[in-house]
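Heads up, final-v4.tsv below (TSV, C-alpha atoms):
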chain	number	residue	atom	x	y	z
A	213	MET	CA	-21.42	178.65	-93.37
A	214	ARG	CA	-25.18	178.81	-92.72
A	215	LYS	CA	-24.95	175.92	-90.27
A	216	SER	CA	-22.15	177.58	-88.30
A	217	ILE	CA	-24.31	180.70	-87.85
A	218	LEU	CA	-27.59	178.94	-87.01
A	219	PHE	CA	-26.15	176.68	-84.31
A	220	PRO	CA	-25.06	179.52	-81.92
A	221	LEU	CA	-28.40	181.22	-82.49
A	222	ILE	CA	-30.28	178.09	-81.45
A	223	LEU	CA	-28.15	177.73	-78.31
A	224	SER	CA	-28.83	181.36	-77.40
A	225	LEU	CA	-32.57	180.90	-77.78
A	226	LEU	CA	-32.48	177.78	-75.59
A	227	PHE	CA	-30.47	179.63	-72.93
A	228	PHE	CA	-32.85	182.59	-72.69
A	229	THR	CA	-35.88	180.31	-72.77
A	230	GLY	CA	-34.45	178.33	-69.85
A	231	CYS	CA	-33.88	181.53	-67.88
A	232	ASP	CA	-37.54	182.42	-68.19
A	233	GLN	CA	-38.59	179.15	-66.53
A	234	GLU	CA	-38.87	179.20	-62.71
A	235	SER	CA	-37.14	176.52	-60.71
A	236	PRO	CA	-39.50	174.42	-58.51
A	237	MET	CA	-37.12	174.96	-55.60
A	238	GLU	CA	-37.92	178.68	-55.66
A	239	HIS	CA	-41.33	177.86	-54.19
A	240	GLU	CA	-42.24	176.28	-50.87
A	241	GLN	CA	-42.29	172.52	-51.36
A	242	TYR	CA	-44.79	171.76	-48.59
A	243	PRO	CA	-47.01	173.77	-46.25
A	244	PRO	CA	-44.94	175.18	-43.35
A	245	ILE	CA	-46.05	174.12	-39.89
A	246	VAL	CA	-45.18	175.28	-36.38
A	247	TYR	CA	-44.15	172.60	-33.87
A	248	ILE	CA	-42.29	171.86	-30.64
A	249	VAL	CA	-39.01	170.15	-31.46
A	250	GLY	CA	-39.00	166.65	-29.92
A	251	SER	CA	-42.73	166.49	-29.32
A	252	ALA	CA	-43.02	163.61	-31.78
A	253	ASN	CA	-41.26	161.49	-29.14
A	254	LYS	CA	-43.77	162.72	-26.54
A	255	ILE	CA	-41.10	162.84	-23.80
A	256	ILE	CA	-38.42	165.54	-23.87
A	257	ASP	CA	-35.66	164.95	-21.30
A	258	LYS	CA	-34.08	167.98	-19.67
A	259	GLU	CA	-31.43	168.08	-16.95
A	260	LEU	CA	-31.98	170.26	-13.91
A	261	ASN	CA	-28.90	171.03	-11.80
A	262	ILE	CA	-29.88	170.80	-8.15
A	263	GLY	CA	-26.77	172.77	-7.23
A	264	TYR	CA	-28.08	175.96	-8.82
A	265	ASP	CA	-30.37	178.43	-7.09
A	266	GLN	CA	-32.11	178.68	-10.44
A	267	ASP	CA	-31.61	176.59	-13.55
A	268	THR	CA	-33.11	177.03	-17.02
A	269	VAL	CA	-34.65	174.42	-19.28
A	270	ARG	CA	-35.57	175.35	-22.83
A	271	LEU	CA	-38.03	174.16	-25.44
A	272	SER	CA	-37.34	174.72	-29.12
A	273	ILE	CA	-40.23	176.09	-31.19
A	274	ALA	CA	-39.62	175.64	-34.91
A	275	VAL	CA	-41.22	176.35	-38.29
A	276	SER	CA	-40.74	173.72	-40.96
A	277	GLY	CA	-40.32	174.61	-44.61
A	278	SER	CA	-38.02	174.29	-47.60
A	279	LEU	CA	-37.38	178.03	-47.87
A	280	SER	CA	-36.00	180.61	-45.48
A	281	LEU	CA	-38.72	181.97	-43.21
A	282	PRO	CA	-39.99	185.19	-44.89
A	283	GLN	CA	-41.65	186.69	-41.81
A	284	ASP	CA	-41.71	186.61	-38.02
A	285	VAL	CA	-43.93	183.85	-36.61
A	286	THR	CA	-45.22	184.08	-33.04
A	287	ALA	CA	-46.38	180.87	-31.35
A	288	THR	CA	-48.47	180.69	-28.19
A	289	LEU	CA	-48.02	177.89	-25.65
A	290	GLU	CA	-50.28	176.80	-22.83
A	291	GLU	CA	-49.72	174.42	-19.96
A	292	CYS	CA	-51.73	171.20	-19.95
A	293	PRO	CA	-51.10	169.30	-16.69
A	294	ASP	CA	-53.91	166.89	-17.54
A	295	GLU	CA	-51.55	165.37	-20.10
A	296	ILE	CA	-49.23	164.30	-17.26
A	297	ASP	CA	-52.12	162.49	-15.56
A	298	ARG	CA	-53.01	160.87	-18.88
A	299	TYR	CA	-49.43	159.69	-19.34
A	300	ASN	CA	-49.34	158.21	-15.82
A	301	SER	CA	-52.55	156.28	-16.35
A	302	ARG	CA	-51.61	154.98	-19.79
A	303	GLU	CA	-47.90	154.27	-19.44
A	304	LEU	CA	-47.26	153.46	-15.76
A	305	SER	CA	-48.56	150.75	-13.49
A	306	ALA	CA	-50.45	151.56	-10.31
A	307	GLU	CA	-47.46	150.34	-8.24
A	308	ALA	CA	-44.91	152.53	-10.03
A	309	ARG	CA	-44.02	156.05	-9.01
A	310	HIS	CA	-46.01	158.58	-11.01
A	311	TYR	CA	-44.90	161.88	-12.47
A	312	ARG	CA	-46.07	165.07	-10.87
A	313	ASN	CA	-46.35	168.60	-12.16
A	314	LEU	CA	-43.95	171.08	-10.60
A	315	SER	CA	-45.37	173.31	-7.92
A	316	PRO	CA	-46.21	176.69	-9.51
A	317	ASP	CA	-44.09	178.59	-7.00
A	318	ILE	CA	-40.79	177.06	-8.15
A	319	TYR	CA	-40.92	177.71	-11.89
A	320	GLU	CA	-41.84	180.51	-14.24
A	321	TYR	CA	-41.43	181.69	-17.83
A	322	PRO	CA	-41.24	185.29	-19.06
A	323	SER	CA	-44.06	184.89	-21.58
A	324	ASN	CA	-46.32	182.22	-22.99
A	325	GLN	CA	-45.36	183.37	-26.49
A	326	VAL	CA	-42.17	182.92	-28.48
A	327	THR	CA	-41.29	184.50	-31.82
A	328	VAL	CA	-39.29	182.79	-34.54
A	329	LYS	CA	-37.65	185.63	-36.44
A	330	ALA	CA	-37.66	185.86	-40.23
A	331	GLY	CA	-34.73	183.95	-41.70
A	332	ASN	CA	-34.43	181.67	-38.65
A	333	VAL	CA	-35.62	178.11	-38.18
A	334	TYR	CA	-36.42	178.04	-34.47
A	335	GLU	CA	-36.50	180.03	-31.24
A	336	LEU	CA	-36.08	178.95	-27.61
A	337	PHE	CA	-38.79	179.06	-24.96
A	338	PRO	CA	-37.06	179.39	-21.54
A	339	ILE	CA	-38.46	177.98	-18.30
A	340	TYR	CA	-36.78	179.08	-15.05
A	341	VAL	CA	-36.82	176.51	-12.23
A	342	LYS	CA	-35.68	176.68	-8.60
A	343	PRO	CA	-34.65	173.06	-7.94
A	344	ALA	CA	-33.63	173.22	-4.27
A	345	THR	CA	-36.89	171.76	-2.93
A	346	LEU	CA	-37.08	168.88	-5.42
A	347	HIS	CA	-36.52	165.33	-4.14
A	348	CYS	CA	-34.44	162.74	-5.96
A	349	ASP	CA	-37.06	160.01	-5.42
A	350	SER	CA	-39.88	162.01	-6.98
A	351	LEU	CA	-40.58	162.20	-10.71
A	352	TYR	CA	-41.28	165.61	-12.20
A	353	MET	CA	-42.74	166.84	-15.46
A	354	LEU	CA	-43.99	169.97	-17.15
A	355	SER	CA	-46.42	169.80	-20.05
A	356	PHE	CA	-46.94	172.36	-22.83
A	357	ARG	CA	-49.18	172.51	-25.86
A	358	LEU	CA	-49.00	174.77	-28.91
A	359	SER	CA	-52.34	176.57	-28.92
A	360	ASP	CA	-51.97	179.27	-31.57
A	361	THR	CA	-49.66	180.80	-34.14
A	362	SER	CA	-49.56	184.15	-35.95
A	363	ALA	CA	-48.83	182.54	-39.31
A	364	TYR	CA	-49.02	179.13	-40.93
A	365	THR	CA	-50.64	176.31	-38.97
A	366	VAL	CA	-49.86	174.38	-35.82
A	367	THR	CA	-49.02	170.75	-36.50
A	368	GLU	CA	-52.09	168.57	-36.19
A	369	GLU	CA	-50.13	165.82	-34.45
A	370	ASP	CA	-47.56	165.88	-31.67
A	371	THR	CA	-48.61	169.28	-30.35
A	372	VAL	CA	-47.96	168.32	-26.72
A	373	ALA	CA	-44.51	168.09	-25.15
A	374	LEU	CA	-44.01	166.33	-21.83
A	375	VAL	CA	-40.82	167.75	-20.32
A	376	ARG	CA	-39.22	165.21	-17.99
A	377	LEU	CA	-36.92	166.88	-15.47
A	378	ASN	CA	-33.90	164.86	-14.37
A	379	LEU	CA	-32.04	166.08	-11.29
A	380	VAL	CA	-28.26	166.24	-11.77
A	381	ASN	CA	-25.16	167.85	-10.38
A	382	GLU	CA	-21.49	167.84	-11.30
A	383	PHE	CA	-20.87	164.50	-9.58
A	384	SER	CA	-23.98	162.49	-10.52
A	385	GLY	CA	-24.47	160.13	-13.44
A	386	SER	CA	-23.68	156.60	-14.58
A	387	TYR	CA	-20.62	155.01	-13.00
A	388	THR	CA	-18.97	151.61	-12.59
A	389	MET	CA	-17.87	150.37	-9.18
A	390	ASP	CA	-14.66	148.31	-9.29
A	391	GLY	CA	-14.31	147.22	-5.70
A	392	MET	CA	-13.94	144.68	-2.91
A	393	LEU	CA	-15.97	143.73	0.15
A	394	ARG	CA	-13.95	142.34	3.07
A	395	ASN	CA	-14.98	140.92	6.43
A	396	THR	CA	-12.90	142.92	8.92
A	397	GLU	CA	-12.87	139.99	11.36
A	398	ASP	CA	-11.96	137.35	8.76
A	399	PRO	CA	-9.76	138.68	5.92
A	400	THR	CA	-10.20	135.44	3.96
A	401	ASP	CA	-13.89	136.23	3.65
A	402	SER	CA	-13.86	138.72	0.79
A	403	LEU	CA	-15.43	139.41	-2.57
A	404	THR	CA	-14.31	141.43	-5.58
A	405	TYR	CA	-16.94	142.85	-7.87
A	406	LYS	CA	-17.55	145.22	-10.74
A	407	MET	CA	-21.01	146.57	-11.44
A	408	PRO	CA	-22.80	149.68	-12.70
A	409	ARG	CA	-23.94	152.32	-10.22
A	410	THR	CA	-26.24	155.28	-10.74
A	411	LEU	CA	-25.31	158.21	-8.54
A	412	MET	CA	-28.36	160.37	-7.91
A	413	ALA	CA	-27.96	164.09	-7.28
A	414	THR	CA	-29.44	165.05	-3.93
A	415	ASP	CA	-29.39	167.88	-1.39
A	416	ASN	CA	-27.03	170.23	-3.23
A	417	GLY	CA	-24.44	170.56	-5.97
A	418	ARG	CA	-21.83	168.33	-4.31
A	419	THR	CA	-23.79	165.39	-2.86
A	420	VAL	CA	-24.95	162.16	-4.50
A	421	ARG	CA	-26.77	159.07	-3.31
A	422	MET	CA	-25.35	155.61	-3.93
A	423	PHE	CA	-26.73	152.11	-3.52
A	424	HIS	CA	-24.48	149.67	-1.69
A	425	TYR	CA	-23.29	146.59	-3.61
A	426	ASN	CA	-26.06	144.74	-5.51
A	427	ASN	CA	-29.07	146.37	-3.93
A	428	GLU	CA	-29.78	149.06	-6.45
A	429	TRP	CA	-33.52	149.57	-6.58
A	430	THR	CA	-35.44	149.24	-9.83
A	431	GLU	CA	-38.92	150.44	-10.73
A	432	GLY	CA	-41.56	147.86	-9.87
A	433	SER	CA	-39.23	145.77	-7.71
A	434	GLY	CA	-40.90	143.78	-4.97
A	435	ASN	CA	-38.10	144.80	-2.59
A	436	ASP	CA	-37.26	148.42	-2.05
A	437	TYR	CA	-33.69	148.64	-0.70
A	438	ARG	CA	-33.42	152.40	-0.79
A	439	GLN	CA	-33.70	152.72	2.96
A	440	SER	CA	-31.53	149.84	4.16
A	441	HIS	CA	-28.71	149.84	1.60
A	442	THR	CA	-28.24	153.44	0.59
A	443	PHE	CA	-25.87	156.22	1.62
A	444	LYS	CA	-24.76	159.68	0.56
A	445	ILE	CA	-21.35	160.83	-0.65
A	446	THR	CA	-20.39	164.50	-0.45
A	447	VAL	CA	-17.40	165.82	-2.41
A	448	ASN	CA	-15.88	168.52	-0.22
A	449	GLU	CA	-14.22	171.65	-1.58
A	450	ASP	CA	-10.78	169.99	-1.29
A	451	ASN	CA	-12.13	166.88	-3.13
A	452	THR	CA	-12.06	164.70	-0.02
A	453	LEU	CA	-15.15	162.57	0.54
A	454	SER	CA	-17.62	162.57	3.42
A	455	MET	CA	-20.30	159.92	3.83
A	456	THR	CA	-23.58	159.69	5.72
A	457	THR	CA	-26.28	157.08	5.77
A	458	TRP	CA	-29.44	157.74	3.78
A	459	ASN	CA	-31.69	156.21	6.41
A	460	GLU	CA	-31.36	152.64	7.68
A	461	PHE	CA	-28.02	151.58	6.17
A	462	GLU	CA	-25.63	150.92	9.09
A	463	LEU	CA	-22.75	153.01	7.83
A	464	ILE	CA	-19.93	153.25	10.39
A	465	ASP	CA	-17.30	155.34	8.66
A	466	GLY	CA	-16.05	156.25	5.22
A	467	GLY	CA	-13.82	158.52	3.20
A	468	GLY	CA	-11.59	158.86	0.19
A	469	VAL	CA	-10.96	161.41	-2.52
A	470	TYR	CA	-12.54	162.49	-5.77
A	471	VAL	CA	-10.14	162.72	-8.74
A	472	PRO	CA	-11.71	165.30	-11.10
A	473	GLU	CA	-9.36	164.80	-14.06
A	474	TYR	CA	-10.48	161.15	-14.28
A	475	GLU	CA	-13.99	161.61	-12.85
A	476	VAL	CA	-13.24	158.91	-10.29
A	477	TYR	CA	-14.21	158.36	-6.67
A	478	ASP	CA	-11.36	156.59	-4.84
A	479	LEU	CA	-13.35	155.55	-1.78
A	480	TRP	CA	-13.79	153.24	1.18
A	481	TYR	CA	-16.45	152.74	3.84
A	482	THR	CA	-17.24	150.37	6.68
A	483	TYR	CA	-20.70	149.13	7.57
A	484	ARG	CA	-22.45	146.60	9.77
A	485	GLN	CA	-24.45	143.72	8.33
A	486	ASP	CA	-25.81	140.83	10.42
A	487	ASP	CA	-23.56	141.85	13.34
A	488	VAL	CA	-20.46	141.69	11.14
A	489	ILE	CA	-18.42	144.77	10.24
A	490	TRP	CA	-17.45	144.88	6.58
A	491	ARG	CA	-15.15	147.19	4.65
A	492	ALA	CA	-15.89	148.21	1.08
A	493	GLU	CA	-13.19	149.88	-0.99
A	494	GLY	CA	-12.55	150.56	-4.62
A	495	PHE	CA	-12.89	152.97	-7.51
A	496	LEU	CA	-16.11	154.42	-8.79
A	497	TYR	CA	-15.50	155.74	-12.30
A	498	LYS	CA	-17.66	157.55	-14.86
A	499	SER	CA	-18.86	155.38	-17.72
A	500	ARG	CA	-16.58	155.65	-20.78
A	501	ASP	CA	-17.71	156.05	-24.37
A	502	THR	CA	-14.98	154.12	-26.20
A	503	ASP	CA	-12.88	151.00	-25.67
A	504	ALA	CA	-9.71	153.11	-25.69
A	505	GLU	CA	-11.04	155.35	-22.92
A	506	GLN	CA	-12.14	152.29	-20.97
A	507	ARG	CA	-8.66	150.74	-21.18
A	508	GLU	CA	-7.10	154.03	-20.09
A	509	ILE	CA	-9.16	154.27	-16.89
A	510	GLU	CA	-8.69	150.57	-16.08
A	511	ASP	CA	-4.91	150.93	-16.47
A	512	TRP	CA	-4.96	153.98	-14.20
A	513	ILE	CA	-6.91	152.08	-11.53
A	514	GLU	CA	-4.44	149.20	-11.64
A	515	GLU	CA	-1.56	151.66	-11.25
A	516	GLN	CA	-3.19	153.14	-8.18
A	517	ARG	CA	-3.71	149.71	-6.63
A	518	ALA	CA	-0.16	148.63	-7.37
A	519	SER	CA	1.29	151.73	-5.71
A	520	ARG	CA	-0.40	150.97	-2.35
Would you encode the structure as structure tokens?
Amino acid sequence: MRKSILFPLILSLLFFTGCDQESPMEHEQYPPIVYIVGSANKIIDKELNIGYDQDTVRLSIAVSGSLSLPQDVTATLEECPDEIDRYNSRELSAEARHYRNLSPDIYEYPSNQVTVKAGNVYELFPIYVKPATLHCDSLYMLSFRLSDTSAYTVTEEDTVALVRLNLVNEFSGSYTMDGMLRNTEDPTDSLTYKMPRTLMATDNGRTVRMFHYNNEWTEGSGNDYRQSHTFKITVNEDNTLSMTTWNEFELIDGGGVYVPEYEVYDLWYTYRQDDVIWRAEGFLYKSRDTDAEQREIEDWIEEQRASR
């Protein structure tokens, strides 16, 4: 009988003793720090839509910690364009194109401070950019450093973020060209090919630049084919295509249609090379993420070819 009474009493004492002990997780597990999300990678890529009168890129300012933020924390940022020059000198060769800071008259931000509210993890720092004057062959960056904070400490490392601005529009991106080149004077002289193409946004929201056949330029190349083998494609409001030469490429004519539901350019163009007029035709389709999606677009292309 005594044992049956003592045992519940012991359990009760253990329970109340345990309740008096604080859990380690009730306290901050490590000192909170304020940082720019992504700054550890040095480069933060942001897309800038050249078709907009004004586009917005955003940095995320965060406070690390194991507990919910108990107070507002205001961080101060400052521009540091010298970091762009340092990156160019350390990471790029003298022959390569170098990054440049945006002209001050085409971007702005409402304040150099951003406040992470209590209970939150991060807050966004908006930068408003007018991209119309930017050129697709120039490389642009903005650079910001965390200089102060109202609470906690600024991270000792990775305080600088280099924001790389990539010009885009609705029709730019990574594509694959599935096409044919044919000598218009000798139909037996032809070539089928399939190769990746990068369509660069240029001019406005509906125009891209494309490299003809295998002459896509790469950084550091001894031969720069941008002038002699490059042309522009404009997707008109009715999705028909218009083409113009970029500079020296001898484009004669061209056309086709853009198919938005498949993100495909169904196109053709004629050009002169070594006094011979050639016709290029085919399908330029957006890169697919899965094998199933790839098979679907390839089947669709074959259906289109078979119906002609």
Surrounding residues of Leu379 (chain A) excluding itself and chain neighbours under 4 positions, 7 Å, all atoms listed in the file, as a list in words: Glu259, Leu260, Asn261, Ile262, Cys348 and Ala413 of chain A
Write out as JSON lines a residue-level contact list of region 377-397 of chain A versus region 461-484 of chain A with cut-off 10 Å: for each qualifying residue the closest pair of atoms and the distance in Å to one decimal, counting all atoms listed in the file, rows sorted by chain and residue number upward.
{"residue": "A:Glu382", "atom": "CA", "partner": "A:Glu475", "partner_atom": "CA", "distance": 9.9}
{"residue": "A:Phe383", "atom": "CA", "partner": "A:Glu475", "partner_atom": "CA", "distance": 8.1}
{"residue": "A:Tyr387", "atom": "CA", "partner": "A:Val476", "partner_atom": "CA", "distance": 8.8}
{"residue": "A:Thr388", "atom": "CA", "partner": "A:Val476", "partner_atom": "CA", "distance": 9.6}
{"residue": "A:Met389", "atom": "CA", "partner": "A:Tyr477", "partner_atom": "CA", "distance": 9.1}
{"residue": "A:Asp390", "atom": "CA", "partner": "A:Asp478", "partner_atom": "CA", "distance": 10.0}
{"residue": "A:Gly391", "atom": "CA", "partner": "A:Trp480", "partner_atom": "CA", "distance": 9.2}
{"residue": "A:Met392", "atom": "CA", "partner": "A:Trp480", "partner_atom": "CA", "distance": 9.5}
{"residue": "A:Leu393", "atom": "CA", "partner": "A:Thr482", "partner_atom": "CA", "distance": 9.4}
{"residue": "A:Arg394", "atom": "CA", "partner": "A:Thr482", "partner_atom": "CA", "distance": 9.4}
{"residue": "A:Asn395", "atom": "CA", "partner": "A:Thr482", "partner_atom": "CA", "distance": 9.7}
{"residue": "A:Thr396", "atom": "CA", "partner": "A:Thr482", "partner_atom": "CA", "distance": 8.9}
Ref. answer, residues at most 7 Å from (-33.5, 177.5, -29.0) with only C-alpha atoms, as a ChimeraX atom specification: /A:270-272,334-337
Nearest to Lys342 (chain A) by atom-to-atom distance, counting all atoms listed in the file, from A:Glu369, A:Glu303, A:Asp487, A:Asp267: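 Checking each candidate against Lys342 (chain A), we get A:Asp267 as the closest.
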Residue among A:Ile273, A:Ala287, A:Ile255, A:Met412 lying closest to His347 (chain A), counting only C-alpha atoms: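 Checking each candidate against His347 (chain A), we get A:Met412 as the closest.
The space separating CA of Val246 (chain A) from CA of Thr361 (chain A) comes to 7.5 Å.
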How would region 468-501 of chain A look with N, CA and C atoms restored, written as a PDB file, in the frame of the given file?
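Saved file out.pdb follows:
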ATOM      1  N   GLY A 468     -12.242 159.015   1.484  1.00  0.00           N
ATOM      2  CA  GLY A 468     -11.590 158.860   0.190  1.00  0.00           C
ATOM      3  C   GLY A 468     -11.381 160.207  -0.457  1.00  0.00           C
ATOM      4  N   VAL A 469     -11.225 160.188  -1.778  1.00  0.00           N
ATOM      5  CA  VAL A 469     -10.960 161.410  -2.520  1.00  0.00           C
ATOM      6  C   VAL A 469     -11.601 161.295  -3.895  1.00  0.00           C
ATOM      7  N   TYR A 470     -12.032 162.430  -4.409  1.00  0.00           N
ATOM      8  CA  TYR A 470     -12.540 162.490  -5.770  1.00  0.00           C
ATOM      9  C   TYR A 470     -11.438 163.022  -6.674  1.00  0.00           C
ATOM     10  N   VAL A 471     -11.195 162.336  -7.802  1.00  0.00           N
ATOM     11  CA  VAL A 471     -10.140 162.720  -8.740  1.00  0.00           C
ATOM     12  C   VAL A 471     -10.811 163.338  -9.963  1.00  0.00           C
ATOM     13  N   PRO A 472     -10.909 164.667 -10.040  1.00  0.00           N
ATOM     14  CA  PRO A 472     -11.710 165.300 -11.100  1.00  0.00           C
ATOM     15  C   PRO A 472     -11.204 165.052 -12.509  1.00  0.00           C
ATOM     16  N   GLU A 473      -9.864 164.970 -12.692  1.00  0.00           N
ATOM     17  CA  GLU A 473      -9.360 164.800 -14.060  1.00  0.00           C
ATOM     18  C   GLU A 473      -9.740 163.452 -14.654  1.00  0.00           C
ATOM     19  N   TYR A 474     -10.041 162.462 -13.799  1.00  0.00           N
ATOM     20  CA  TYR A 474     -10.480 161.150 -14.280  1.00  0.00           C
ATOM     21  C   TYR A 474     -11.949 160.873 -13.970  1.00  0.00           C
ATOM     22  N   GLU A 475     -12.592 161.788 -13.274  1.00  0.00           N
ATOM     23  CA  GLU A 475     -13.990 161.610 -12.850  1.00  0.00           C
ATOM     24  C   GLU A 475     -14.142 160.288 -12.092  1.00  0.00           C
ATOM     25  N   VAL A 476     -13.305 160.152 -11.062  1.00  0.00           N
ATOM     26  CA  VAL A 476     -13.240 158.910 -10.290  1.00  0.00           C
ATOM     27  C   VAL A 476     -13.367 159.200  -8.807  1.00  0.00           C
ATOM     28  N   TYR A 477     -14.184 158.387  -8.133  1.00  0.00           N
ATOM     29  CA  TYR A 477     -14.210 158.360  -6.670  1.00  0.00           C
ATOM     30  C   TYR A 477     -13.284 157.227  -6.222  1.00  0.00           C
ATOM     31  N   ASP A 478     -12.239 157.570  -5.488  1.00  0.00           N
ATOM     32  CA  ASP A 478     -11.360 156.590  -4.840  1.00  0.00           C
ATOM     33  C   ASP A 478     -11.847 156.537  -3.397  1.00  0.00           C
ATOM     34  N   LEU A 479     -12.619 155.488  -3.049  1.00  0.00           N
ATOM     35  CA  LEU A 479     -13.350 155.550  -1.780  1.00  0.00           C
ATOM     36  C   LEU A 479     -13.253 154.256  -0.974  1.00  0.00           C
ATOM     37  N   TRP A 480     -13.656 154.378   0.278  1.00  0.00           N
ATOM     38  CA  TRP A 480     -13.790 153.240   1.180  1.00  0.00           C
ATOM     39  C   TRP A 480     -14.889 153.570   2.198  1.00  0.00           C
ATOM     40  N   TYR A 481     -15.504 152.545   2.743  1.00  0.00           N
ATOM     41  CA  TYR A 481     -16.450 152.740   3.840  1.00  0.00           C
ATOM     42  C   TYR A 481     -16.631 151.430   4.591  1.00  0.00           C
ATOM     43  N   THR A 482     -16.943 151.551   5.865  1.00  0.00           N
ATOM     44  CA  THR A 482     -17.240 150.370   6.680  1.00  0.00           C
ATOM     45  C   THR A 482     -18.702 150.417   7.096  1.00  0.00           C
ATOM     46  N   TYR A 483     -19.280 149.230   7.232  1.00  0.00           N
ATOM     47  CA  TYR A 483     -20.700 149.130   7.570  1.00  0.00           C
ATOM     48  C   TYR A 483     -20.946 147.829   8.327  1.00  0.00           C
ATOM     49  N   ARG A 484     -22.075 147.790   9.004  1.00  0.00           N
ATOM     50  CA  ARG A 484     -22.450 146.600   9.770  1.00  0.00           C
ATOM     51  C   ARG A 484     -23.589 145.875   9.061  1.00  0.00           C
ATOM     52  N   GLN A 485     -23.412 144.555   8.931  1.00  0.00           N
ATOM     53  CA  GLN A 485     -24.450 143.720   8.330  1.00  0.00           C
ATOM     54  C   GLN A 485     -24.498 142.390   9.072  1.00  0.00           C
ATOM     55  N   ASP A 486     -25.635 142.073   9.653  1.00  0.00           N
ATOM     56  CA  ASP A 486     -25.810 140.830  10.420  1.00  0.00           C
ATOM     57  C   ASP A 486     -24.740 140.702  11.505  1.00  0.00           C
ATOM     58  N   ASP A 487     -24.513 141.796  12.224  1.00  0.00           N
ATOM     59  CA  ASP A 487     -23.560 141.850  13.340  1.00  0.00           C
ATOM     60  C   ASP A 487     -22.111 141.670  12.925  1.00  0.00           C
ATOM     61  N   VAL A 488     -21.828 141.765  11.637  1.00  0.00           N
ATOM     62  CA  VAL A 488     -20.460 141.690  11.140  1.00  0.00           C
ATOM     63  C   VAL A 488     -20.096 143.028  10.506  1.00  0.00           C
ATOM     64  N   ILE A 489     -18.880 143.506  10.825  1.00  0.00           N
ATOM     65  CA  ILE A 489     -18.420 144.770  10.240  1.00  0.00           C
ATOM     66  C   ILE A 489     -17.634 144.462   8.968  1.00  0.00           C
ATOM     67  N   TRP A 490     -18.080 145.078   7.878  1.00  0.00           N
ATOM     68  CA  TRP A 490     -17.450 144.880   6.580  1.00  0.00           C
ATOM     69  C   TRP A 490     -16.806 146.190   6.120  1.00  0.00           C
ATOM     70  N   ARG A 491     -15.790 146.030   5.269  1.00  0.00           N
ATOM     71  CA  ARG A 491     -15.150 147.190   4.650  1.00  0.00           C
ATOM     72  C   ARG A 491     -15.298 147.073   3.136  1.00  0.00           C
ATOM     73  N   ALA A 492     -15.813 148.121   2.537  1.00  0.00           N
ATOM     74  CA  ALA A 492     -15.890 148.210   1.080  1.00  0.00           C
ATOM     75  C   ALA A 492     -14.866 149.233   0.616  1.00  0.00           C
ATOM     76  N   GLU A 493     -14.155 148.925  -0.452  1.00  0.00           N
ATOM     77  CA  GLU A 493     -13.190 149.880  -0.990  1.00  0.00           C
ATOM     78  C   GLU A 493     -13.068 149.648  -2.491  1.00  0.00           C
ATOM     79  N   GLY A 494     -12.695 150.693  -3.176  1.00  0.00           N
ATOM     80  CA  GLY A 494     -12.550 150.560  -4.620  1.00  0.00           C
ATOM     81  C   GLY A 494     -12.619 151.887  -5.331  1.00  0.00           C
ATOM     82  N   PHE A 495     -12.876 151.795  -6.631  1.00  0.00           N
ATOM     83  CA  PHE A 495     -12.890 152.970  -7.510  1.00  0.00           C
ATOM     84  C   PHE A 495     -14.233 153.019  -8.236  1.00  0.00           C
ATOM     85  N   LEU A 496     -14.825 154.178  -8.148  1.00  0.00           N
ATOM     86  CA  LEU A 496     -16.110 154.420  -8.790  1.00  0.00           C
ATOM     87  C   LEU A 496     -15.837 155.389  -9.933  1.00  0.00           C
ATOM     88  N   TYR A 497     -15.905 154.897 -11.180  1.00  0.00           N
ATOM     89  CA  TYR A 497     -15.500 155.740 -12.300  1.00  0.00           C
ATOM     90  C   TYR A 497     -16.655 155.968 -13.275  1.00  0.00           C
ATOM     91  N   LYS A 498     -16.636 157.146 -13.898  1.00  0.00           N
ATOM     92  CA  LYS A 498     -17.660 157.550 -14.860  1.00  0.00           C
ATOM     93  C   LYS A 498     -17.612 156.623 -16.071  1.00  0.00           C
ATOM     94  N   SER A 499     -18.769 156.254 -16.561  1.00  0.00           N
ATOM     95  CA  SER A 499     -18.860 155.380 -17.720  1.00  0.00           C
ATOM     96  C   SER A 499     -18.134 156.004 -18.912  1.00  0.00           C
ATOM     97  N   ARG A 500     -17.364 155.185 -19.632  1.00  0.00           N
ATOM     98  CA  ARG A 500     -16.580 155.650 -20.780  1.00  0.00           C
ATOM     99  C   ARG A 500     -17.303 155.341 -22.084  1.00  0.00           C
ATOM    100  N   ASP A 501     -17.011 156.167 -23.098  1.00  0.00           N
ATOM    101  CA  ASP A 501     -17.710 156.050 -24.370  1.00  0.00           C
ATOM    102  C   ASP A 501     -17.024 155.090 -25.335  1.00  0.00           C
TER     103      ASP A 501
END
